[in-house]
$ cat structure.txt   # compact mmCIF, C-alpha atoms
# COMPACT_ATOMS: atom_id res chain seq x y z
CA MET A 1 -36.48 49.00 -2.00
CA ARG A 2 -37.66 46.25 -4.32
CA ILE A 3 -34.96 47.14 -6.86
CA THR A 4 -32.33 47.01 -4.14
CA ALA A 5 -33.51 43.55 -3.11
CA ILE A 6 -33.39 42.32 -6.72
CA LEU A 7 -29.89 43.71 -7.19
CA PHE A 8 -28.80 42.07 -3.96
CA ALA A 9 -30.20 38.72 -5.15
CA LEU A 10 -28.44 39.13 -8.49
CA MET A 11 -25.15 39.82 -6.70
CA LEU A 12 -25.64 36.70 -4.61
CA CYS A 13 -26.19 34.63 -7.76
CA LEU A 14 -23.14 36.19 -9.38
CA SER A 15 -20.94 35.50 -6.37
CA ALA A 16 -22.24 31.94 -6.26
CA SER A 17 -21.33 31.42 -9.89
CA VAL A 18 -17.86 32.86 -9.27
CA ALA A 19 -17.44 30.55 -6.30
CA HIS A 20 -18.63 27.67 -8.43
CA GLY A 21 -15.93 28.61 -10.93
CA GLN A 22 -13.25 27.94 -8.33
CA VAL A 23 -13.60 24.21 -8.78
CA ILE A 24 -10.64 22.30 -7.49
CA ASP A 25 -9.98 18.88 -8.97
CA ASP A 26 -7.48 16.24 -7.91
CA SER A 27 -5.88 16.17 -11.34
CA GLN A 28 -3.00 18.43 -12.37
CA LEU A 29 -1.65 19.77 -15.63
CA ILE A 30 2.05 19.12 -16.08
CA VAL A 31 4.47 20.43 -18.68
CA THR A 32 7.57 18.27 -19.01
CA PRO A 33 10.56 18.51 -21.40
CA TYR A 34 11.43 15.31 -23.28
CA LEU A 35 14.83 14.56 -24.81
CA LEU A 36 15.38 12.35 -27.84
CA THR A 37 18.75 10.62 -27.61
CA ALA A 38 21.01 9.36 -30.40
CA ASN A 39 19.90 5.76 -29.84
CA GLY A 40 16.31 6.71 -30.65
CA ALA A 41 14.85 6.62 -27.15
CA GLU A 42 12.84 9.52 -25.77
CA ALA A 43 12.83 10.12 -22.01
CA PRO A 44 11.35 12.84 -19.78
CA GLU A 45 13.57 15.27 -17.95
CA HIS A 46 13.49 15.16 -14.15
CA LEU A 47 11.98 18.62 -14.15
CA SER A 48 8.46 19.82 -14.76
CA GLY A 49 6.04 22.68 -14.20
CA ARG A 50 2.74 21.80 -12.50
CA TRP A 51 -0.56 23.64 -12.69
CA ALA A 52 -3.55 23.13 -10.42
CA THR A 53 -6.76 22.66 -12.39
CA THR A 54 -8.45 25.60 -10.69
CA VAL A 55 -10.95 26.90 -13.21
CA GLY A 56 -10.33 30.48 -14.33
CA LYS A 57 -6.84 30.78 -12.88
CA SER A 58 -4.09 31.64 -15.38
CA THR A 59 -0.51 30.75 -14.54
CA THR A 60 2.64 31.32 -16.56
CA MET A 61 5.98 29.54 -16.36
CA VAL A 62 9.16 29.95 -18.38
CA PHE A 63 11.20 26.99 -19.58
CA SER A 64 14.82 27.51 -20.67
CA MET A 65 17.12 25.06 -22.44
CA SER A 66 20.87 25.52 -22.61
CA GLY A 67 23.81 23.36 -23.64
CA CYS A 68 22.99 19.76 -24.39
CA GLY A 69 19.31 19.74 -23.42
CA ASN A 70 19.82 21.19 -19.94
CA PHE A 71 16.43 22.52 -18.85
CA ALA A 72 15.40 25.01 -16.15
CA VAL A 73 11.96 26.30 -15.20
CA THR A 74 10.95 29.47 -13.37
CA SER A 75 7.65 30.18 -11.73
CA ASN A 76 4.90 32.65 -12.41
CA SER A 77 6.45 35.41 -10.30
CA GLN A 78 9.99 35.12 -11.67
CA ARG A 79 9.43 34.43 -15.40
CA GLN A 80 13.17 34.64 -15.98
CA VAL A 81 15.04 33.21 -18.94
CA ALA A 82 18.35 31.52 -18.17
CA ASP A 83 21.33 33.67 -19.25
CA ASP A 84 22.88 30.94 -21.41
CA ALA A 85 19.59 29.71 -22.86
CA THR A 86 19.59 28.48 -26.44
CA TYR A 87 15.82 28.21 -26.38
CA ALA A 88 13.19 29.50 -23.99
CA TRP A 89 9.40 29.20 -23.87
CA ARG A 90 6.69 31.08 -22.07
CA VAL A 91 3.85 28.73 -21.24
CA GLU A 92 0.50 29.93 -19.92
CA LEU A 93 -2.27 27.54 -18.92
CA THR A 94 -5.82 28.55 -17.99
CA PRO A 95 -8.23 25.77 -16.96
CA THR A 96 -11.71 26.62 -18.21
CA LYS A 97 -13.66 23.52 -17.16
CA THR A 98 -13.10 20.43 -15.08
CA LEU A 99 -15.51 17.57 -14.55
CA ASP A 100 -14.73 14.10 -13.21
CA HIS A 101 -11.01 14.76 -13.59
CA VAL A 102 -11.37 15.72 -17.26
CA THR A 103 -9.93 19.18 -17.71
CA THR A 104 -10.42 21.62 -20.55
CA PHE A 105 -7.83 24.38 -20.60
CA ARG A 106 -6.38 27.08 -22.78
CA LEU A 107 -2.72 26.67 -23.71
CA ARG A 108 -0.84 29.74 -24.83
CA TRP A 109 2.82 29.19 -25.48
CA ALA A 110 5.55 31.07 -27.33
CA ARG A 111 9.18 30.28 -28.08
CA ILE A 112 10.62 33.56 -26.82
CA VAL A 113 14.31 32.68 -27.30
CA ASP A 114 15.66 30.77 -30.29
CA LYS A 115 19.38 31.37 -30.73
CA ALA A 116 19.88 28.24 -32.80
CA THR A 117 17.05 29.10 -35.18
CA ARG A 118 16.56 25.41 -35.67
CA GLY A 119 13.16 25.11 -34.10
CA PHE A 120 10.18 23.96 -36.04
CA SER A 121 7.16 26.08 -36.90
CA PRO A 122 5.02 27.40 -35.44
CA THR A 123 6.80 29.29 -32.71
CA SER A 124 3.66 30.07 -30.78
CA GLU A 125 0.16 28.73 -30.33
CA ASP A 126 -3.11 29.57 -28.59
CA VAL A 127 -5.28 26.50 -28.39
CA GLU A 128 -7.95 24.85 -26.23
CA ILE A 129 -7.24 21.28 -25.17
CA THR A 130 -9.19 18.69 -23.19
CA LEU A 131 -7.23 15.99 -21.36
CA LYS A 132 -8.01 13.33 -18.79
CA PRO A 133 -5.37 11.80 -16.52
CA GLY A 134 -2.97 9.70 -18.56
CA GLU A 135 -3.36 11.75 -21.73
CA SER A 136 -0.82 14.25 -23.08
CA ARG A 137 -0.06 16.48 -26.05
CA PRO A 138 3.32 17.67 -27.38
CA PHE A 139 3.37 21.32 -28.39
CA ASP A 140 6.91 22.22 -29.53
CA SER A 141 10.06 20.49 -30.63
CA VAL A 142 13.54 21.85 -31.36
CA ALA A 143 16.85 20.42 -32.54
CA VAL A 144 19.58 20.40 -29.90
CA PRO A 145 22.92 21.91 -31.05
CA GLN A 146 25.51 19.14 -31.10
CA ASP A 147 28.29 21.51 -30.02
CA GLY A 148 26.73 21.80 -26.59
CA LYS A 149 28.12 19.89 -23.62
CA THR A 150 26.36 17.85 -21.01
CA LEU A 151 26.48 18.95 -17.39
CA ASN A 152 29.37 16.58 -16.76
CA GLY A 153 31.30 17.78 -19.82
CA ARG A 154 30.64 14.82 -22.12
CA PRO A 155 29.89 15.19 -25.85
CA CYS A 156 26.23 15.84 -26.56
CA ASP A 157 24.19 12.84 -27.70
CA ILE A 158 20.79 14.55 -27.53
CA LYS A 159 19.17 15.02 -30.93
CA SER A 160 16.08 17.03 -30.10
CA ALA A 161 14.00 18.36 -27.22
CA SER A 162 10.25 18.77 -26.96
CA LEU A 163 7.71 20.11 -24.50
CA ARG A 164 4.59 18.13 -23.66
CA VAL A 165 1.54 19.00 -21.56
CA ALA A 166 -0.18 16.17 -19.71
CA ALA A 167 -2.97 15.64 -17.23
CA GLU A 168 -1.99 13.51 -14.26
CA PHE A 169 -2.91 12.82 -10.70
CA SER A 170 -0.37 14.07 -8.21
CA GLU A 171 2.14 11.66 -6.75
CA PHE A 172 2.60 14.11 -3.88
CA ASP A 173 -0.75 13.91 -2.10
CA ASN A 174 -0.79 14.32 1.68
CA ARG A 175 -4.05 12.37 2.09
CA ARG A 176 -3.91 8.71 3.10
CA ILE A 177 -6.28 5.90 2.23
CA ALA A 178 -6.25 2.56 4.07
CA ALA A 179 -7.65 -0.52 2.39
CA ASP A 180 -8.18 -4.07 3.66
CA VAL A 181 -8.70 -6.86 1.16
CA TRP A 182 -9.74 -10.40 2.09
CA LEU A 183 -9.60 -13.36 -0.26
CA ILE A 184 -12.50 -15.65 0.59
CA GLU A 185 -12.83 -19.19 -0.69
CA LYS A 186 -16.36 -20.56 -0.44
CA LEU A 187 -16.08 -24.26 0.30
CA PRO A 188 -18.81 -26.72 -0.77
CA SER A 189 -19.55 -27.35 2.92
CA GLY A 190 -20.55 -23.70 3.32
CA ALA A 191 -17.44 -22.84 5.32
CA GLU A 192 -15.02 -20.13 4.24
CA THR A 193 -11.26 -19.78 4.22
CA ARG A 194 -9.81 -16.32 4.47
CA GLU A 195 -6.57 -14.53 3.83
CA SER A 196 -6.11 -10.81 4.30
CA PHE A 197 -3.92 -8.06 2.91
CA ALA A 198 -3.69 -4.54 4.35
CA MET A 199 -2.55 -1.51 2.38
CA VAL A 200 -2.06 2.24 2.80
CA GLY A 201 -1.74 4.60 -0.15
CA ILE A 202 -2.78 7.93 -1.62
CA PRO A 203 -5.79 8.77 -3.80
CA HIS A 204 -5.67 7.87 -7.50
CA GLN A 205 -2.46 5.86 -7.21
CA PRO A 206 -2.89 2.06 -7.44
CA MET A 207 -2.28 0.06 -4.27
CA SER A 208 -1.11 -3.46 -5.08
CA PHE A 209 -2.11 -6.64 -3.23
CA TYR A 210 -0.79 -10.18 -3.56
CA PHE A 211 -2.16 -13.41 -2.10
CA ASP A 212 -0.53 -16.79 -1.65
CA ARG A 213 -0.41 -19.12 -4.63
CA ILE A 214 -3.21 -21.68 -4.75
CA GLY A 215 -2.34 -24.71 -6.85
CA ASP A 216 -0.58 -23.18 -9.86
CA VAL A 217 -2.57 -19.93 -9.84
CA ASP A 218 -1.47 -16.60 -8.38
CA LEU A 219 -4.09 -14.02 -7.42
CA PHE A 220 -3.04 -10.39 -7.25
CA GLY A 221 -4.27 -6.99 -8.33
CA HIS A 222 -4.59 -3.39 -7.35
CA LEU A 223 -7.09 -1.02 -5.81
CA THR A 224 -7.40 2.65 -6.75
CA SER A 225 -9.35 5.12 -4.64
CA ASP A 226 -10.96 8.45 -5.48
CA PRO A 227 -12.30 10.36 -2.42
CA GLU A 228 -15.67 12.00 -3.03
CA GLN A 229 -17.99 14.15 -0.92
CA SER A 230 -19.29 11.40 1.39
CA THR A 231 -18.04 8.24 -0.31
CA ILE A 232 -14.89 6.85 -1.83
CA LYS A 233 -14.96 5.63 -5.40
CA VAL A 234 -13.02 2.39 -5.60
CA ASP A 235 -11.74 0.58 -8.67
CA VAL A 236 -10.51 -2.97 -8.14
CA GLU A 237 -8.68 -5.07 -10.68
CA VAL A 238 -8.06 -8.72 -9.86
CA VAL A 239 -5.69 -10.87 -11.88
CA ARG A 240 -5.58 -14.64 -11.69
CA ALA A 241 -2.52 -15.92 -13.51
CA GLN A 242 -1.43 -19.48 -14.14
CA VAL A 243 2.25 -20.16 -13.64
CA ASN A 244 4.32 -22.07 -16.16
CA ALA A 245 5.05 -25.64 -15.17
CA PRO A 246 7.85 -26.48 -15.40
CA PRO A 247 9.21 -22.93 -15.23
CA PRO A 248 10.94 -22.01 -18.50
CA ALA A 249 14.32 -20.34 -18.40
CA ASP A 250 13.31 -17.35 -20.47
CA THR A 251 10.57 -15.81 -18.36
CA HIS A 252 9.38 -15.19 -14.83
CA GLY A 253 5.87 -14.69 -16.10
CA TYR A 254 2.74 -16.76 -16.57
CA GLN A 255 1.28 -18.84 -19.34
CA ALA A 256 -2.19 -17.34 -19.07
CA ALA A 257 -4.00 -14.72 -17.05
CA ARG A 258 -7.53 -13.54 -16.52
CA TRP A 259 -8.40 -10.09 -15.15
CA ASP A 260 -11.67 -8.84 -13.70
CA ARG A 261 -12.53 -5.25 -12.85
CA SER A 262 -15.23 -3.66 -10.76
CA THR A 263 -16.10 -0.14 -9.67
CA THR A 264 -18.23 1.07 -6.79
CA HIS A 265 -18.70 3.88 -4.30
CA LEU A 266 -18.07 2.92 -0.68
CA LYS A 267 -19.50 4.61 2.39
CA ALA A 268 -17.61 4.71 5.67
CA ASP A 269 -17.23 1.27 7.30
CA GLU A 270 -18.94 -0.44 4.38
CA VAL A 271 -17.61 -3.84 3.36
CA ILE A 272 -18.26 -5.00 -0.18
CA GLU A 273 -17.92 -8.49 -1.60
CA ILE A 274 -16.85 -9.04 -5.19
CA PRO A 275 -17.61 -12.61 -6.34
CA LEU A 276 -14.95 -13.70 -8.81
CA PRO A 277 -16.25 -15.45 -11.91
CA LYS A 278 -15.13 -19.06 -12.24
CA LEU A 279 -12.21 -19.70 -14.55
CA GLU A 280 -12.04 -21.82 -17.66
CA GLU A 281 -11.09 -25.49 -17.76
CA ARG A 282 -7.51 -24.69 -18.72
CA PHE A 283 -6.91 -23.51 -15.15
CA GLY A 284 -7.37 -27.11 -14.01
CA PRO A 285 -8.77 -27.93 -10.54
CA TYR A 286 -8.65 -24.22 -9.63
CA SER A 287 -11.49 -23.57 -12.09
CA LYS A 288 -13.91 -25.55 -9.94
CA ARG A 289 -13.27 -23.49 -6.80
CA ALA A 290 -15.30 -20.41 -5.81
CA PHE A 291 -13.54 -17.26 -4.65
CA ALA A 292 -14.56 -13.74 -3.72
CA LEU A 293 -12.85 -10.58 -2.51
CA ARG A 294 -14.08 -8.52 0.41
CA VAL A 295 -12.94 -4.92 0.48
CA LYS A 296 -13.04 -2.20 3.11
CA VAL A 297 -11.66 1.26 2.41
CA ARG A 298 -11.40 4.27 4.66
CA ARG A 299 -9.69 7.62 4.64
CA ILE A 300 -7.26 7.84 7.54
CA ARG A 301 -5.96 11.35 6.76
CA MET B 1 0.75 -33.76 81.97
CA SER B 2 1.32 -37.17 80.50
CA ASN B 3 -2.02 -36.97 78.74
CA SER B 4 -1.10 -33.49 77.43
CA HIS B 5 2.20 -34.83 76.13
CA ASP B 6 0.47 -37.71 74.38
CA VAL B 7 -2.14 -35.60 72.64
CA MET B 8 0.46 -33.07 71.47
CA SER B 9 2.72 -35.82 70.22
CA ASP B 10 -0.18 -37.29 68.31
CA LEU B 11 -0.87 -33.80 66.85
CA LEU B 12 2.73 -33.31 65.74
CA ASP B 13 3.05 -36.89 64.42
CA ASN B 14 -0.17 -36.63 62.39
CA ARG B 15 -1.81 -39.36 64.39
CA PRO B 16 -5.48 -39.37 65.47
CA PHE B 17 -6.22 -37.46 68.66
CA ASP B 18 -9.16 -36.11 70.60
CA LEU B 19 -9.82 -32.42 70.04
CA ALA B 20 -11.31 -32.04 73.52
CA ASP B 21 -8.08 -33.41 75.06
CA LEU B 22 -6.00 -30.98 72.94
CA ALA B 23 -8.20 -28.04 73.96
CA ALA B 24 -7.93 -29.03 77.61
CA ALA B 25 -4.16 -29.37 77.35
CA LEU B 26 -3.77 -25.92 75.79
CA GLU B 27 -5.90 -24.25 78.45
CA ALA B 28 -3.14 -24.62 81.00
CA PRO B 29 -0.02 -22.46 80.71
CA ASP B 30 2.10 -25.57 81.22
CA GLY B 31 0.37 -27.22 78.29
CA ARG B 32 1.12 -24.32 75.96
CA ALA B 33 4.74 -24.25 77.15
CA LEU B 34 4.96 -27.95 76.46
CA LEU B 35 3.68 -27.50 72.91
CA ILE B 36 6.30 -24.82 72.28
CA ASP B 37 9.02 -27.08 73.67
CA LEU B 38 7.91 -29.98 71.53
CA LEU B 39 7.88 -27.79 68.41
CA ALA B 40 11.38 -26.54 69.17
CA LEU B 41 12.60 -30.07 69.82
CA ARG B 42 10.99 -31.35 66.64
CA ARG B 43 12.70 -28.65 64.62
CA ALA B 44 16.06 -29.37 66.26
CA VAL B 45 15.95 -33.05 65.40
CA GLN B 46 14.34 -32.65 61.97
CA PRO B 47 15.85 -35.34 59.70
CA THR B 48 17.86 -34.04 56.75
CA ASP B 49 16.76 -36.78 54.37
CA SER B 50 14.98 -34.24 52.21
CA VAL B 51 18.28 -32.65 51.28
CA PRO B 52 19.61 -34.41 48.17
CA LYS B 53 22.89 -36.15 48.70
CA LEU B 54 25.84 -35.21 46.61
CA SER B 55 27.08 -37.92 44.36
CA LEU B 56 30.71 -38.62 44.93
CA THR B 57 30.99 -40.63 41.71
CA PRO B 58 29.57 -38.52 38.90
CA ALA B 59 27.83 -40.25 36.02
CA PRO B 60 29.80 -40.71 32.84
CA SER B 61 29.79 -37.41 30.96
CA ARG B 62 27.93 -37.18 27.62
CA THR B 63 28.41 -33.43 27.12
CA TRP B 64 29.46 -33.87 23.49
CA LEU B 65 26.24 -35.70 22.65
CA ARG B 66 24.10 -33.11 24.40
CA SER B 67 25.90 -30.25 22.61
CA ALA B 68 25.47 -31.97 19.26
CA LEU B 69 21.74 -32.40 19.89
CA VAL B 70 21.35 -28.74 20.88
CA ALA B 71 23.31 -27.62 17.81
CA ALA B 72 21.22 -29.84 15.54
CA ALA B 73 18.01 -28.48 17.05
CA LEU B 74 19.20 -24.88 16.59
CA PHE B 75 20.25 -25.59 13.00
CA ALA B 76 16.90 -27.17 12.20
CA ALA B 77 15.06 -24.24 13.79
CA VAL B 78 17.04 -21.63 11.84
CA ILE B 79 16.81 -23.42 8.48
CA GLY B 80 13.15 -24.25 9.04
CA GLY B 81 12.32 -20.69 9.98
CA TYR B 82 14.20 -19.32 6.97
CA THR B 83 12.48 -21.76 4.61
CA VAL B 84 9.06 -20.94 5.99
CA GLY B 85 9.86 -17.22 5.86
CA THR B 86 10.93 -17.32 2.21
CA HIS B 87 7.84 -19.22 1.16
CA ARG B 88 5.40 -17.25 3.29
CA THR B 89 4.39 -13.85 1.94
CA PRO B 90 3.18 -10.95 4.12
CA PRO B 91 -0.53 -11.83 3.90
CA VAL B 92 -1.86 -13.26 7.13
CA VAL B 93 -5.01 -15.10 7.97
CA ALA B 94 -7.44 -12.79 9.70
CA GLU B 95 -11.09 -12.46 10.45
CA ALA B 96 -13.02 -11.06 7.52
CA PRO B 97 -16.05 -8.91 8.36
CA ASP B 98 -19.37 -9.79 6.79
CA ALA B 99 -20.07 -7.99 3.55
CA THR B 100 -22.74 -5.31 3.59
CA ARG B 101 -23.13 -5.31 -0.19
CA VAL B 102 -22.23 -7.44 -3.20
CA VAL B 103 -20.57 -5.77 -6.18
CA GLN B 104 -20.35 -7.59 -9.49
CA VAL B 105 -17.43 -7.60 -11.88
CA VAL B 106 -18.14 -5.14 -14.69
CA SER B 107 -15.45 -6.02 -17.18
CA THR B 108 -13.20 -8.94 -17.76
CA GLY B 109 -10.40 -9.96 -20.06
CA GLN B 110 -8.05 -12.81 -20.78
CA VAL B 111 -4.42 -12.85 -21.77
CA LEU B 112 -2.56 -15.79 -23.26
CA ILE B 113 1.11 -15.17 -22.72
CA ASP B 114 3.71 -16.43 -25.17
CA GLY B 115 1.17 -18.85 -26.59
CA GLY B 116 0.93 -20.78 -23.34
CA ARG B 117 3.39 -23.52 -22.57
CA ARG B 118 1.25 -26.51 -21.79
$ encode --input "structure.txt" --output "structure tokens"
Amino acid sequence: MRITAILFALMLCLSASVAHGQVIDDSQLIVTPYLLTANGAEAPEHLSGRWATTVGKSTTMVFSMSGCGNFAVTSNSQRQVADDATYAWRVELTPTKTLDHVTTFRLRWARIVDKATRGFSPTSEDVEITLKPGESRPFDSVAVPQDGKTLNGRPCDIKSASLRVAAEFSEFDNRRIAADVWLIEKLPSGAETRESFAMVGIPHQPMSFYFDRIGDVDLFGHLTSDPEQSTIKVDVEVVRAQVNAPPPADTHGYQAARWDRSTTHLKADEVIEIPLPKLEERFGPYSKRAFALRVKVRRIR
Amino acid sequence: MSNSHDVMSDLLDNRPFDLADLAAALEAPDGRALLIDLLALRRAVQPTDSVPKLSLTPAPSRTWLRSALVAAALFAAVIGGYTVGTHRTPPVVAEAPDATRVVQVVSTGQVLIDGGRR
């Protein structure tokens, strides 16, 4: 009886660890083909394969390239190579660890079709990589045959194609975050002037705010949210930029700018105030005025 | 009857009268009938001075001036509204709730663009 109880407890621990392994993170792993054109510019294709960062889950996709850098991708269940493919790759990703949106994963890829035999070595790789959102790594590059045609029949001006794996936050998130930002000016009399800006966006994608110009200084910035268990992590960047006077003909920009960043975790219905440091003398009369931002963030879906 | 007639006339003409006399006059059926007759007569001979008279010689017309003023006002309103709209960005003044917590700036930086132009 005692042995049975111990075994049962061990099974519970094992199942808990397996459940713990199914960590789901907001970040994604994305493999995207890039094309290098004759003018030297490299641009991503409007096609990609996306992997959830679910720890322990292996997923395979097949990328095919035909003609003048024309790419196609098939999913895990199909794994089909395009009939007219010049090159094709099998790409398998297995996330092994994810913490605070930093994902460690195993990348196993192989160039399974190479009719042009003009790819570079190696033709396969099995490697562990750690990426955080915004970081990427190229893993294969091939020369594109110049006798191929574009989809609209034009001569090929693509020199080479490459595949790159990146960690990113999804742009297709069905959650919604609402944020209210107030610009407060603290007058010497103790009174306050206020201006508000309301925004709605999705997690991890910056939501921009702009306030009216005061003197010759514009105040704008962006707020990025990261929903957590019972709070929302909020990053705020505020830019105060001094306009050119008189405006030059060669720019719509500013002559100087100062940015300030802050990070905090907000509970529901909490309103934070971020006092903005005073600016230097070069900002003129504006530098003697005291401003602050008040921020309220809530998840509306 | 004469007294009843007098008190009712005073009532209808808004002149001072004795309430006791009016009450006594209305107690009799003849008195009430007299009041009704007087009301009907008063309505029949009501002067029509309150009705405005039509002017047979209309005032000199200044329609063109009035139209020009209306057009100028409309033009000013449209141009003014457009100008205000182009200079006014979406932010609106609104009540700001009191802050529950103060968060300090954790990093800062400065950019001088194109060497500055001042």
$ interface_residues --input "structure.txt" --of "chain A" --to "chain B" --cutoff "7 Å" --atoms "only C-alpha atoms" --output "PyMOL selection string"
chain A and resi 182+194-197+211-212+244+254-262+270-275+294
$ closest_residue --input "structure.txt" --among "A:Val295, A:Leu36, A:Met207, A:Ile232" --to "Ala268 (chain A)" --atoms "only C-alpha atoms"
A:Ile232
$ residues_around --input "structure.txt" --residues "region 19-32 of chain B" --least-positions-apart "5" --cutoff "12 Å" --atoms "only C-alpha atoms" --output "PyMOL selection string"
chain B and resi 1-12+37-39
$ atom_distance --input "structure.txt" --atom1 "CA of Val181 (chain A)" --atom2 "CA of Leu293 (chain A)"
6.7 Å
$ atom_distance --input "structure.txt" --atom1 "CA of Val243 (chain A)" --atom2 "CA of Ser189 (chain A)"
28.3 Å
$ atom_distance --input "structure.txt" --atom1 "CA of Arg175 (chain A)" --atom2 "CA of Asp269 (chain A)"
18.0 Å
$ closest_residue --input "structure.txt" --among "A:Ala290, A:Leu107, A:Leu183, A:Val73" --to "Gly221 (chain A)" --atoms "all atoms listed in the file"
A:Leu183
$ residues_around --input "structure.txt" --residues "Glu168 (chain A)" --least-positions-apart "3" --cutoff "8 Å" --atoms "all atoms listed in the file" --output "PDB file with C-alpha atoms, in the coordinates of the input"
ATOM      1  CA  SER A  27      -5.880  16.170 -11.340  1.00  0.00           C
ATOM      2  CA  GLN A  28      -3.000  18.430 -12.370  1.00  0.00           C
ATOM      3  CA  LEU A  29      -1.650  19.770 -15.630  1.00  0.00           C
ATOM      4  CA  ILE A  30       2.050  19.120 -16.080  1.00  0.00           C
ATOM      5  CA  LYS A 132      -8.010  13.330 -18.790  1.00  0.00           C
ATOM      6  CA  PRO A 133      -5.370  11.800 -16.520  1.00  0.00           C
ATOM      7  CA  GLY A 134      -2.970   9.700 -18.560  1.00  0.00           C
ATOM      8  CA  GLU A 135      -3.360  11.750 -21.730  1.00  0.00           C
TER       9      GLU A 135
END
$ residues_around --input "structure.txt" --residues "Arg298 (chain A)" --least-positions-apart "6" --cutoff "7 Å" --atoms "all atoms listed in the file" --output "PyMOL selection string"
chain A and resi 177-179+268
$ closest_residue --input "structure.txt" --among "A:Pro122, A:Ala241, A:Asp180, A:Asp140" --to "Gly215 (chain A)" --atoms "all atoms listed in the file"
A:Ala241
$ residues_around --input "structure.txt" --residues "Glu228 (chain A)" --least-positions-apart "3" --cutoff "12 Å" --atoms "only C-alpha atoms" --output "PyMOL selection string"
chain A and resi 25-26+100-101+203-204+225+231-234+264-268+298-299
$ residues_around --input "structure.txt" --residues "Ala110 (chain A)" --least-positions-apart "4" --cutoff "6 Å" --atoms "all atoms listed in the file" --output "mmCIF file with C-alpha atoms, in the coordinates of the input"
data_model
loop_
_atom_site.group_PDB
_atom_site.id
_atom_site.type_symbol
_atom_site.label_atom_id
_atom_site.label_comp_id
_atom_site.auth_asym_id
_atom_site.auth_seq_id
_atom_site.Cartn_x
_atom_site.Cartn_y
_atom_site.Cartn_z
ATOM 1 C CA TRP A 89 9.400 29.200 -23.870
ATOM 2 C CA ARG A 90 6.690 31.080 -22.070
ATOM 3 C CA THR A 123 6.800 29.290 -32.710
ATOM 4 C CA SER A 124 3.660 30.070 -30.780
#
$ axis_aligned_box --input "structure.txt" --around "region 100-115 of chain B" --padding-each-side "3 Å" --output "JSON"
{"center_x": -9.7, "center_y": -12.0, "center_z": -11.5, "size_x": 32.8, "size_y": 19.7, "size_z": 36.2}
$ residues_near_point --input "structure.txt" --point "(3.9, 25.0, -20.0)" --cutoff "8 Å" --atoms "only C-alpha atoms" --output "PyMOL selection string"
chain A and resi 30-32+49+60-63+89-93+107+109+163-165
